[in-house]
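Peer 1: Sharing target.cif (mmCIF, C-alpha atoms) below.
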```cif
data_structure
#
loop_
_atom_site.label_atom_id
_atom_site.label_comp_id
_atom_site.auth_asym_id
_atom_site.auth_seq_id
_atom_site.Cartn_x
_atom_site.Cartn_y
_atom_site.Cartn_z
CA MET A 10 0.00 0.00 0.00
CA LYS A 11 1.36 3.38 -1.00
CA CYS A 12 0.35 6.84 0.16
CA ARG A 13 -1.73 8.59 -2.48
CA VAL A 14 0.17 11.83 -1.84
CA CYS A 15 3.86 10.90 -1.50
CA ARG A 16 3.89 7.25 -2.71
CA GLY A 17 5.68 6.28 0.51
CA PRO A 18 4.53 3.34 2.65
CA ALA A 19 0.88 3.81 3.72
CA ILE A 20 -0.44 2.90 7.15
CA ILE A 21 -4.17 3.28 6.60
CA ASP A 22 -6.73 3.00 3.84
CA VAL A 23 -9.70 5.34 3.47
CA ARG A 24 -11.85 3.30 1.15
CA ARG A 25 -14.54 5.90 0.49
CA GLN A 26 -11.78 8.07 -1.01
CA ASN A 27 -10.19 5.06 -2.72
CA ALA A 28 -6.98 6.24 -1.06
CA ASN A 29 -4.21 5.13 1.29
CA TYR A 30 -2.16 7.49 3.44
CA CYS A 31 1.14 7.60 5.31
CA VAL A 32 1.10 9.11 8.82
CA GLU A 33 1.93 12.64 7.72
CA HIS A 34 -0.61 12.80 4.95
CA PHE A 35 -3.32 11.04 6.90
CA LEU A 36 -3.06 13.68 9.62
CA ARG A 37 -3.10 16.39 6.96
CA MET A 38 -6.21 14.83 5.40
CA CYS A 39 -7.96 14.92 8.81
CA ARG A 40 -7.07 18.60 9.29
CA ASP A 41 -8.21 19.40 5.76
CA GLN A 42 -11.55 17.66 6.26
CA VAL A 43 -12.19 19.57 9.49
CA SER A 44 -11.26 22.87 7.85
CA LYS A 45 -13.52 22.05 4.95
CA ALA A 46 -16.45 21.27 7.26
CA ILE A 47 -15.92 24.49 9.23
CA GLU A 48 -15.86 26.55 6.03
CA GLN A 49 -18.63 24.65 4.23
CA PHE A 50 -21.11 25.08 7.06
CA GLU A 51 -19.75 28.37 8.49
CA MET A 52 -19.26 26.74 11.88
CA LEU A 53 -17.04 29.24 13.67
CA GLU A 54 -14.89 32.30 13.19
CA ALA A 55 -11.21 32.56 14.08
CA ASN A 56 -11.73 34.92 17.02
CA GLU A 57 -14.64 33.08 18.65
CA ARG A 58 -14.42 31.28 21.99
CA ALA A 59 -15.43 27.64 21.73
CA LEU A 60 -16.39 25.18 24.44
CA VAL A 61 -15.68 21.56 23.52
CA ALA A 62 -17.94 18.89 25.01
CA VAL A 63 -15.28 16.48 26.27
CA SER A 64 -16.02 12.86 27.19
CA GLY A 65 -12.49 11.46 27.28
CA GLY A 66 -13.28 9.44 24.15
CA LYS A 67 -11.57 9.61 20.79
CA ASP A 68 -13.93 12.02 19.07
CA SER A 69 -14.05 14.79 21.66
CA LEU A 70 -10.29 14.70 22.26
CA ALA A 71 -9.57 14.59 18.50
CA VAL A 72 -11.81 17.56 17.75
CA TRP A 73 -10.31 19.57 20.61
CA ASP A 74 -6.80 18.79 19.38
CA LEU A 75 -7.69 19.60 15.77
CA LEU A 76 -9.33 22.92 16.65
CA VAL A 77 -6.48 24.18 18.82
CA ASP A 78 -4.00 22.94 16.21
CA ALA A 79 -5.87 25.03 13.64
CA GLY A 80 -5.56 28.12 15.84
CA TYR A 81 -9.02 28.27 17.40
CA LYS A 82 -9.55 29.25 21.03
CA ALA A 83 -11.18 26.19 22.57
CA ASP A 84 -11.67 25.17 26.18
CA GLY A 85 -13.09 21.81 27.26
CA LEU A 86 -15.92 20.83 29.58
CA TYR A 87 -16.07 17.34 31.04
CA VAL A 88 -19.22 16.10 32.77
CA ASP A 89 -18.70 13.34 35.34
CA LEU A 90 -21.77 11.15 34.86
CA GLY A 91 -21.20 9.02 37.94
CA ILE A 92 -21.02 5.72 36.03
CA ASP A 93 -19.20 3.13 38.12
CA GLY A 94 -16.09 1.73 36.51
CA TYR A 95 -16.23 4.17 33.60
CA SER A 96 -16.49 7.82 34.61
CA ALA A 97 -13.28 7.74 36.66
CA ALA A 98 -11.34 6.37 33.69
CA SER A 99 -12.87 8.69 31.10
CA GLY A 100 -12.30 11.70 33.35
CA ALA A 101 -8.67 10.70 33.81
CA CYS A 102 -8.19 10.62 30.03
CA ALA A 103 -9.73 14.08 29.66
CA ARG A 104 -7.66 15.58 32.48
CA ARG A 105 -4.42 14.01 31.27
CA PHE A 106 -5.01 15.24 27.72
CA ALA A 107 -5.68 18.80 28.90
CA ALA A 108 -2.82 18.89 31.40
CA GLU A 109 -0.25 17.59 28.89
CA ARG A 110 -1.18 20.32 26.43
CA GLY A 111 -1.91 23.18 28.81
CA PHE A 112 -5.52 23.34 27.66
CA THR A 113 -8.28 24.66 29.92
CA LEU A 114 -10.60 21.90 31.10
CA ARG A 115 -13.68 22.66 33.17
CA GLU A 116 -15.66 20.01 34.98
CA ILE A 117 -19.14 19.42 36.28
CA ALA A 118 -19.84 16.35 38.42
CA LEU A 119 -23.43 15.10 38.36
CA PRO A 120 -23.13 13.33 41.74
CA GLY A 121 -21.30 16.18 43.46
CA ASP A 122 -23.00 19.16 41.87
CA TYR A 123 -26.51 17.86 41.18
CA GLY A 124 -26.87 14.97 43.59
CA TYR A 125 -27.58 12.17 41.12
CA ASP A 126 -25.80 9.95 38.62
CA VAL A 127 -26.89 8.69 35.22
CA PRO A 128 -28.00 5.20 36.33
CA THR A 129 -30.13 6.72 39.12
CA GLY A 130 -31.50 9.42 36.84
CA ALA A 131 -32.40 6.91 34.17
CA ARG A 132 -34.26 4.68 36.60
CA ALA A 133 -36.08 7.57 38.24
CA ALA A 134 -37.12 9.21 34.97
CA ARG A 135 -37.86 5.88 33.29
CA ARG A 136 -35.51 6.70 30.48
CA THR A 137 -32.75 4.59 28.95
CA PRO A 138 -29.32 5.41 30.39
CA CYS A 139 -28.25 6.90 27.03
CA SER A 140 -31.32 9.14 27.04
CA ALA A 141 -30.74 10.37 30.60
CA CYS A 142 -27.06 10.87 29.81
CA GLY A 143 -27.72 12.81 26.60
CA LEU A 144 -30.38 14.98 28.22
CA SER A 145 -28.09 15.84 31.14
CA LYS A 146 -25.09 16.60 28.96
CA ARG A 147 -27.01 18.72 26.45
CA HIS A 148 -28.48 20.85 29.23
CA LEU A 149 -25.22 21.26 31.09
CA PHE A 150 -23.10 22.04 28.03
CA ASP A 151 -25.65 24.64 26.90
CA ARG A 152 -25.75 26.28 30.31
CA ALA A 153 -22.00 26.24 30.79
CA ALA A 154 -21.47 27.82 27.37
CA LEU A 155 -23.96 30.60 28.02
CA ASP A 156 -22.78 31.23 31.57
CA GLY A 157 -19.13 31.15 30.54
CA GLY A 158 -19.56 33.56 27.65
CA TYR A 159 -18.62 31.06 24.96
CA ASP A 160 -19.73 31.71 21.39
CA VAL A 161 -20.22 28.11 20.40
CA VAL A 162 -20.41 24.55 21.75
CA ILE A 163 -18.31 22.01 19.84
CA THR A 164 -19.31 18.36 19.85
CA GLY A 165 -17.34 15.37 18.55
CA HIS A 166 -20.13 13.90 16.44
CA ASN A 167 -18.51 12.22 13.45
CA LEU A 168 -19.78 10.93 10.12
CA ASP A 169 -20.73 7.55 11.60
CA ASP A 170 -22.72 9.20 14.39
CA GLU A 171 -24.62 11.40 11.97
CA ALA A 172 -25.26 8.63 9.44
CA ALA A 173 -26.49 6.27 12.17
CA VAL A 174 -28.78 8.88 13.73
CA LEU A 175 -30.13 9.76 10.30
CA PHE A 176 -30.69 6.07 9.56
CA GLY A 177 -32.66 5.66 12.79
CA ASN A 178 -34.70 8.82 12.25
CA VAL A 179 -35.58 7.77 8.70
CA LEU A 180 -36.53 4.25 9.77
CA ARG A 181 -39.09 5.74 12.14
CA TRP A 182 -39.80 8.89 10.11
CA GLN A 183 -39.09 11.12 13.07
CA THR A 184 -39.59 14.26 11.04
CA ASP A 185 -39.04 16.67 13.93
CA TYR A 186 -35.63 15.14 14.58
CA LEU A 187 -34.82 15.12 10.85
CA GLY A 188 -35.44 18.86 10.76
CA ARG A 189 -32.88 19.43 13.48
CA GLN A 190 -30.16 17.08 12.26
CA LEU A 191 -27.68 19.64 11.00
CA PRO A 192 -23.92 20.13 11.36
CA VAL A 193 -24.64 23.60 12.74
CA LEU A 194 -27.50 24.49 15.06
CA PRO A 195 -27.65 28.27 15.24
CA ALA A 196 -27.96 30.09 18.57
CA ARG A 197 -31.58 30.87 19.31
CA ASN A 198 -34.15 31.15 22.07
CA GLY A 199 -31.67 30.67 24.88
CA PHE A 200 -29.63 27.93 23.19
CA PRO A 201 -25.99 28.47 22.21
CA ARG A 202 -24.76 27.67 18.71
CA LYS A 203 -23.70 24.01 18.42
CA VAL A 204 -21.40 22.70 15.72
CA LYS A 205 -19.95 19.35 14.63
CA PRO A 206 -16.58 19.82 12.91
CA LEU A 207 -15.96 16.06 12.54
CA VAL A 208 -18.88 15.34 10.21
CA ARG A 209 -16.53 14.73 7.31
CA LEU A 210 -14.46 12.12 9.21
CA SER A 211 -15.48 8.57 10.09
CA GLU A 212 -14.89 7.30 13.60
CA ARG A 213 -12.25 4.92 12.29
CA GLU A 214 -10.42 8.03 11.13
CA THR A 215 -10.86 9.91 14.42
CA ALA A 216 -9.56 6.86 16.29
CA ALA A 217 -6.60 6.63 13.91
CA TYR A 218 -5.96 10.35 14.36
CA CYS A 219 -5.77 9.88 18.14
CA ILE A 220 -3.42 6.90 17.91
CA LEU A 221 -1.09 8.69 15.50
CA ARG A 222 -1.12 11.88 17.58
CA GLY A 223 -0.42 9.97 20.79
CA ILE A 224 -3.77 10.88 22.33
CA ASP A 225 -4.63 8.44 25.10
CA TYR A 226 -8.42 8.17 24.95
CA ILE A 227 -10.77 5.80 26.72
CA VAL A 228 -11.10 2.72 24.52
CA ASP A 229 -13.49 0.76 26.70
CA GLU A 230 -17.14 1.12 25.86
CA CYS A 231 -19.53 2.74 28.30
CA PRO A 232 -21.08 -0.23 30.14
CA LEU A 233 -24.52 1.37 29.93
CA ALA A 234 -24.39 1.81 26.15
CA SER A 235 -23.95 -1.87 25.35
CA GLY A 236 -26.60 -3.15 22.96
CA ASN A 237 -28.27 0.19 22.41
CA ARG A 238 -30.12 0.97 19.19
CA HIS A 239 -27.52 3.49 18.03
CA LEU A 240 -24.85 0.77 17.99
CA THR A 241 -27.15 -1.49 16.00
CA TYR A 242 -27.60 1.22 13.37
CA LYS A 243 -23.86 1.82 13.22
CA LYS A 244 -23.22 -1.87 12.64
CA ALA A 245 -25.81 -1.95 9.87
CA MET A 246 -24.28 1.12 8.22
CA ASN A 247 -20.80 -0.38 8.42
CA ASP A 248 -22.00 -3.64 6.88
CA ILE A 249 -23.29 -1.62 3.93
CA GLU A 250 -20.14 0.53 3.84
CA LEU A 251 -17.99 -2.60 3.61
CA GLN A 252 -19.75 -3.61 0.40
CA SER A 253 -20.15 -0.10 -0.95
CA PRO A 254 -17.53 2.38 0.33
CA GLY A 255 -18.78 5.94 0.49
CA THR A 256 -22.37 5.04 1.35
CA LYS A 257 -22.33 6.75 4.76
CA LEU A 258 -20.96 9.98 3.31
CA ASP A 259 -23.42 9.98 0.41
CA PHE A 260 -26.33 9.16 2.73
CA TYR A 261 -25.62 11.97 5.19
CA PHE A 262 -24.45 14.68 2.80
CA GLY A 263 -27.16 13.74 0.30
CA PHE A 264 -29.70 14.26 3.06
CA LEU A 265 -28.24 17.66 3.92
CA ALA A 266 -28.23 18.75 0.28
CA ARG A 267 -31.55 17.35 -0.89
CA ALA A 268 -33.89 16.54 1.97
CA SER A 269 -33.02 18.33 5.18
CA GLY A 270 -34.84 21.53 4.23
CA LEU A 271 -38.11 19.66 3.78
CA PHE A 272 -38.26 18.91 7.49
CA ARG A 273 -36.93 22.20 8.83
CA PRO A 274 -40.21 24.17 9.04
CA GLU A 275 -41.65 21.61 11.46
CA ALA A 276 -38.56 21.72 13.65
CA GLU A 277 -38.45 25.52 13.59
CA ALA A 278 -42.13 25.78 14.55
CA GLU A 279 -41.44 23.67 17.64
CA GLN A 280 -38.62 25.98 18.63
CA GLU A 281 -40.89 29.03 18.59
CA ASP A 282 -43.09 27.88 21.45
CA LEU A 283 -40.47 27.82 24.16
CA ASN A 284 -40.67 29.43 27.60
CA PRO A 285 -38.10 29.81 30.36
CA CYS A 286 -38.09 26.86 32.76
CA ALA A 287 -39.63 27.98 36.06
CA THR A 288 -36.77 26.34 37.94
CA CYS A 289 -33.59 27.01 35.98
CA GLY A 290 -34.62 29.43 33.23
CA ALA A 291 -33.58 27.15 30.35
CA PRO A 292 -35.86 27.20 27.29
CA THR A 293 -38.55 24.53 27.40
CA PRO A 294 -41.93 23.86 25.74
CA GLY A 295 -43.49 23.22 29.17
CA ALA A 296 -43.33 24.89 32.55
CA ILE A 297 -40.38 22.84 33.84
CA CYS A 298 -37.57 21.67 31.55
CA ALA A 299 -36.79 17.98 31.06
CA PHE A 300 -33.48 18.31 32.91
CA CYS A 301 -35.08 19.76 36.03
CA ARG A 302 -37.79 17.09 35.94
CA LEU A 303 -35.11 14.41 35.73
CA VAL A 304 -33.13 15.91 38.62
CA GLU A 305 -36.27 16.19 40.73
CA ARG A 306 -37.32 12.59 40.09
CA ALA A 307 -33.79 11.38 40.85
CA GLY A 308 -33.87 13.20 44.17
CA GLY A 309 -31.04 15.48 43.13
CA VAL A 310 -30.24 19.13 43.67
CA LEU A 311 -32.21 21.39 41.35
CA PRO A 312 -30.28 24.08 39.53
CA ARG A 313 -31.00 27.68 40.40
CA SER A 314 -32.72 30.11 38.08
CA SER A 315 -30.72 31.48 35.17
CA SER A 316 -27.73 33.48 36.31
CA ALA A 317 -23.99 33.46 35.96
CA SER A 318 -23.75 30.97 38.80
CA ALA A 319 -26.45 28.57 37.63
CA THR A 320 -23.95 25.96 36.50
CA PRO A 321 -21.36 24.76 38.99
CA VAL A 322 -18.12 24.58 37.08
CA THR A 323 -14.73 23.56 38.38
CA LEU A 324 -11.64 24.61 36.51
CA LEU A 325 -9.29 21.65 36.36
CA ALA A 326 -6.38 22.80 34.29
CA ARG A 327 -5.60 25.98 32.46
CA PRO A 328 -2.74 27.84 30.88
CA ALA A 329 -1.06 30.35 33.19
CA ALA A 330 -2.43 33.40 31.36
CA SER A 331 -6.03 32.19 31.22
CA THR A 332 -8.80 33.43 33.48
CA GLY A 333 -12.23 32.05 34.06
CA PRO A 334 -14.85 31.25 36.63
CA GLY A 335 -14.46 28.44 39.08
CA GLU A 336 -12.01 27.02 41.50
CA VAL A 337 -8.52 25.93 40.40
CA ARG A 338 -8.22 22.33 41.52
CA ALA A 339 -4.92 21.35 39.92
CA MET B 16 -14.19 -16.91 14.47
CA ARG B 17 -14.63 -19.02 11.40
CA PRO B 18 -14.54 -22.78 12.10
CA GLY B 19 -11.61 -24.94 11.07
CA TRP B 20 -9.04 -22.21 11.44
CA ALA B 21 -6.03 -22.79 13.68
CA HIS B 22 -6.36 -20.59 16.73
CA ARG B 23 -6.46 -20.85 20.47
CA HIS B 24 -7.47 -18.76 23.40
CA ILE B 25 -4.55 -17.94 25.64
CA GLY B 26 -4.67 -19.99 28.78
CA SER B 27 -6.62 -22.78 27.11
CA GLY B 28 -3.68 -25.18 27.06
CA SER B 29 -0.05 -25.54 26.18
CA ARG B 30 1.26 -25.08 22.70
CA PRO B 31 1.35 -28.32 20.68
CA GLY B 32 4.76 -29.98 20.23
CA PRO B 33 6.29 -29.90 16.76
CA CYS B 34 4.32 -27.20 15.03
CA THR B 35 4.01 -26.11 11.43
CA PHE B 36 2.33 -22.80 12.39
CA PHE B 37 3.65 -19.47 13.52
CA TRP B 38 1.55 -17.88 16.24
CA VAL B 39 0.46 -14.27 16.30
CA LYS B 40 -0.68 -12.83 19.62
CA ILE B 41 -3.87 -10.77 19.41
CA LEU B 42 -5.48 -8.49 21.97
CA LEU B 43 -9.18 -7.89 21.38
CA ARG B 44 -11.18 -5.22 23.20
CA ASN B 45 -14.76 -4.69 24.37
CA PRO B 46 -14.68 -7.20 25.93
CA ARG B 47 -10.95 -7.55 26.50
CA ARG B 48 -9.61 -11.01 25.62
CA GLU B 49 -6.50 -12.52 24.09
CA LEU B 50 -6.08 -14.97 21.27
CA GLU B 51 -3.28 -16.60 19.31
CA VAL B 52 -3.68 -17.45 15.65
CA ALA B 53 -1.57 -19.25 13.13
CA GLY B 54 0.58 -17.12 10.88
CA PRO B 55 1.82 -15.93 8.55
CA VAL B 56 -1.43 -14.13 7.76
CA SER B 57 -2.30 -10.75 6.30
CA VAL B 58 -4.26 -8.25 8.35
CA VAL B 59 -7.23 -8.33 5.97
CA THR B 60 -7.32 -12.13 6.00
CA LEU B 61 -7.10 -12.15 9.78
CA LEU B 62 -10.03 -9.74 10.11
CA ASN B 63 -12.09 -11.80 7.68
CA ARG B 64 -11.37 -14.97 9.60
CA LEU B 65 -12.33 -13.29 12.85
CA ASP B 66 -15.53 -12.03 11.20
CA LEU B 67 -14.56 -8.44 11.97
CA ASN B 68 -15.66 -5.61 9.71
CA ARG B 69 -12.55 -3.67 8.70
CA GLU B 70 -14.61 -0.46 8.82
CA SER B 71 -15.11 -1.03 12.54
CA VAL B 72 -11.56 -1.68 13.76
CA LEU B 73 -7.95 -0.55 13.60
CA VAL B 74 -5.03 -2.95 13.91
CA ILE B 75 -2.18 -1.66 16.05
CA ARG B 76 1.34 -3.01 16.44
CA GLY B 77 4.03 -1.32 18.48
CA GLY B 78 1.89 1.76 19.08
CA THR B 79 1.11 2.48 15.46
CA ILE B 80 -1.47 1.45 12.90
CA ILE B 81 -0.66 -1.24 10.36
CA PRO B 82 -2.29 -1.49 6.94
CA GLY B 83 -4.49 -4.25 5.62
CA ASP B 84 -1.84 -5.81 3.38
CA GLU B 85 0.69 -6.19 6.21
CA VAL B 86 1.64 -9.84 6.83
CA LEU B 87 1.75 -10.88 10.47
CA VAL B 88 4.31 -13.46 11.48
CA ASP B 89 5.62 -15.31 14.51
CA SER B 90 6.35 -13.06 17.49
CA ASP B 91 4.01 -10.35 16.23
CA SER B 92 1.78 -9.00 18.96
CA ILE B 93 -1.11 -6.86 17.82
CA GLU B 94 -4.19 -5.15 19.18
CA ILE B 95 -7.43 -5.13 17.23
CA ARG B 96 -9.15 -2.01 18.51
CA PRO B 97 -12.83 -1.39 17.88
CA VAL B 98 -13.59 2.17 16.85
CA ILE B 99 -17.35 2.20 17.26
CA SER B 100 -18.47 4.25 20.21
CA GLY B 101 -21.63 3.81 22.04
CA GLY B 102 -24.11 6.47 23.05
CA SER B 103 -25.58 8.88 20.61
CA GLY B 104 -22.56 11.11 20.74
#
```
Can you dump the structure from the file as structure tokens?
Peer 2:
Amino acid sequence: MKCRVCRGPAIIDVRRQNANYCVEHFLRMCRDQVSKAIEQFEMLEANERALVAVSGGKDSLAVWDLLVDAGYKADGLYVDLGIDGYSAASGACARRFAAERGFTLREIALPGDYGYDVPTGARAARRTPCSACGLSKRHLFDRAALDGGYDVVITGHNLDDEAAVLFGNVLRWQTDYLGRQLPVLPARNGFPRKVKPLVRLSERETAAYCILRGIDYIVDECPLASGNRHLTYKKAMNDIELQSPGTKLDFYFGFLARASGLFRPEAEAEQEDLNPCATCGAPTPGAICAFCRLVERAGGVLPRSSSASATPVTLLARPAASTGPGEVRA
Amino acid sequence: MRPGWAHRHIGSGSRPGPCTFFWVKILLRNPRRELEVAGPVSVVTLLNRLDLNRESVLVIRGGTIIPGDEVLVDSDSIEIRPVISGGSG
């Protein structure tokens, strides 16, 4: 196998591009794809402050590394979900990554700051663990970004994530979700802008990027995610991709180009009927937002009404010149 | 694992006496387990025999990725790392 760029020995194939790459040119391809996504979808400007949703996994650490490498100002936020045998290890990966690079990592701990963990929250709210986890993280990342004065929230969703979610939404014709499945969700009605710079990279490529960059991410799967529907969709998509390379990219980007707009009016109409949550002030279609309902059912500590101190944030590591809210722990 | 292919789980017994195979040590993840297979064998052939989708894994030797046409031989020790992550993000 030879690198398509330099004809030297290749270490990885990217079959949807019908290409092989050496280390140097694979890393350059990853950077180019992220730059292309940022430009194509007008994700962020050079002078904006970004908050990266960090899990300690390959995607969030890769996107953080890629953004800072490209010159963007990006801090990280890690949410400790209180999952036994997993959260401690994922948090350690996030902290080590930030400390080694002098990046600013903030942290929220569900058990310590809100009095519940994901397994408890899921049981109490009668949600799947992944649903309780996603709900908690979305709320907390939004709040932390707004409270911290960040312009945009960055998530590590990659091409496989987006193709699998799209596959699931199409199978069930969840048209409201289809209308919101975009690489950029603009800021509106109390939500910060959210962007996905990895949508042009598969998760095999983000994992390879981490290995080649020496990024020590958590490889073990979340024990609560095992067997979930999302993984089933990913397996199905990869089975198709194996036979027909490029299918995931064509499926997702074809949707964005040709079908996404058809579902947007429905999604936008839903966004117009939002009120401030009576408890925390976050936008919600009802009186109390889903996050506060989950916290209440789990017997946790309800967040206070919207203010600069509504989200407890601990600053774990930061460069010497940086300033920001929260206690310096290390 | 496809049937009829020379392999063994580590700890399942001692290596047979005079042997015509080379043995490649493999670390698999999620769940973590170890395996030895007969070599020489190419990475692509190995993944096919293990019924692993090459879109879903990376093969790592000595801290770096190795390509599908690499031939694994005796004394090689590799990790087959799954790249599919779980929740919806």
Peer 1: Could you tell me which of A:Gly121, A:Gly85, A:Gly165, A:Gly94 comes closest to Glu212 in chain A if we count all atoms listed in the file?
Peer 2: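 Looking at the shortest contact to Glu212 in chain A, the residue is A:Gly165.
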Peer 1: Wanna dump the chain A-chain B contacts at 7 Å for me, each residue with its shortest atom pair and the distance in Å to one decimal, counting all atoms listed in the file, ordered by chain and number, as a Markdown table?
Peer 2:
```
| residue | atom | partner | partner_atom | distance |
| --- | --- | --- | --- | --- |
| A:Met10 | CA | B:Asp84 | CA | 7.0 |
| A:Ala19 | CA | B:Pro82 | CA | 7.0 |
| A:Ile20 | CA | B:Pro82 | CA | 4.8 |
| A:Ile21 | CA | B:Pro82 | CA | 5.1 |
| A:Cys139 | CA | B:Gly102 | CA | 5.8 |
| A:His166 | CA | B:Gly104 | CA | 5.7 |
| A:Asp170 | CA | B:Gly104 | CA | 6.6 |
| A:Glu212 | CA | B:Val98 | CA | 6.2 |
| A:Arg213 | CA | B:Val98 | CA | 5.5 |
| A:Ala216 | CA | B:Val98 | CA | 6.2 |
| A:Ile220 | CA | B:Thr79 | CA | 6.8 |
| A:Leu221 | CA | B:Thr79 | CA | 6.6 |
| A:Asp229 | CA | B:Asn45 | CA | 6.1 |
| A:Glu230 | CA | B:Asn45 | CA | 6.5 |
| A:Cys231 | CA | B:Gly101 | CA | 6.7 |
| A:Ala234 | CA | B:Gly101 | CA | 5.3 |
| A:Ser235 | CA | B:Gly101 | CA | 7.0 |
| A:His239 | CA | B:Ser103 | CA | 6.3 |
| A:Leu240 | CA | B:Gly101 | CA | 6.0 |
| A:Asn247 | CA | B:Glu70 | CA | 6.2 |
| A:Leu251 | CA | B:Glu70 | CA | 6.6 |
```
Peer 1: Compare A:Asn237, A:Gln280, A:Asn56, A:Ser211 by their minimum atom-to-atom distance to Thr256 in chain A, counting all atoms listed in the file, and give me the closest one.
Peer 2: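 The closest residue to Thr256 in chain A is A:Ser211.
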Peer 1: To one decimal in Å, tell me the separation between CA of Gly91 in chain A and CA of Asp126 in chain A.
Peer 2: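 Separation between CA of Gly91 in chain A and CA of Asp126 in chain A: 4.7 Å.
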Peer 1: From the list B:Leu65, B:Gly54, B:Val39, B:Val59, which residue is nearest Ile93 in chain B when using only C-alpha atoms?
Peer 2: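 Of all the options, B:Val39 lies closest to Ile93 in chain B.
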Peer 1: Listed atoms of range 184-200 of chain A, axis-aligned box, 5 Å per side: centre and edge lengths to one decimal in Å, as lines of an AutoDock Vina configuration file?
Peer 2:
```
center_x = -31.8
center_y = 22.7
center_z = 17.8
size_x = 25.7
size_y = 26.9
size_z = 24.1
```
Peer 1: Pick out the residues sitting within 12 Å of Arg135 in chain A, and hand them over as a PyMOL selection string; count only C-alpha atoms, and ignore anything fewer than 4 positions along from it in its own chain.
Peer 2: chain A and resi 127-131+139-141+302-303+306-307
Peer 1: Just give me the residues with any atom within 7 Å of (0.1, -12.3, 10.0), file coordinates, counting all atoms listed in the file, written as a PDB file with C-alpha atoms, in the coordinates of the input.
Peer 2:
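Saved result, part-v8.pdb, follows:
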```
ATOM      1  CA  VAL B  39       0.460 -14.270  16.300  1.00  0.00           C
ATOM      2  CA  GLY B  54       0.580 -17.120  10.880  1.00  0.00           C
ATOM      3  CA  PRO B  55       1.820 -15.930   8.550  1.00  0.00           C
ATOM      4  CA  VAL B  56      -1.430 -14.130   7.760  1.00  0.00           C
ATOM      5  CA  SER B  57      -2.300 -10.750   6.300  1.00  0.00           C
ATOM      6  CA  VAL B  58      -4.260  -8.250   8.350  1.00  0.00           C
ATOM      7  CA  VAL B  86       1.640  -9.840   6.830  1.00  0.00           C
ATOM      8  CA  LEU B  87       1.750 -10.880  10.470  1.00  0.00           C
ATOM      9  CA  VAL B  88       4.310 -13.460  11.480  1.00  0.00           C
TER      10      VAL B  88
END
```
Peer 1: Quick check, in Å to one decimal: how far apart do CA of Phe264 in chain A and CA of Arg209 in chain A lie?
Peer 2: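 Distance between the two atoms: 13.8 Å.
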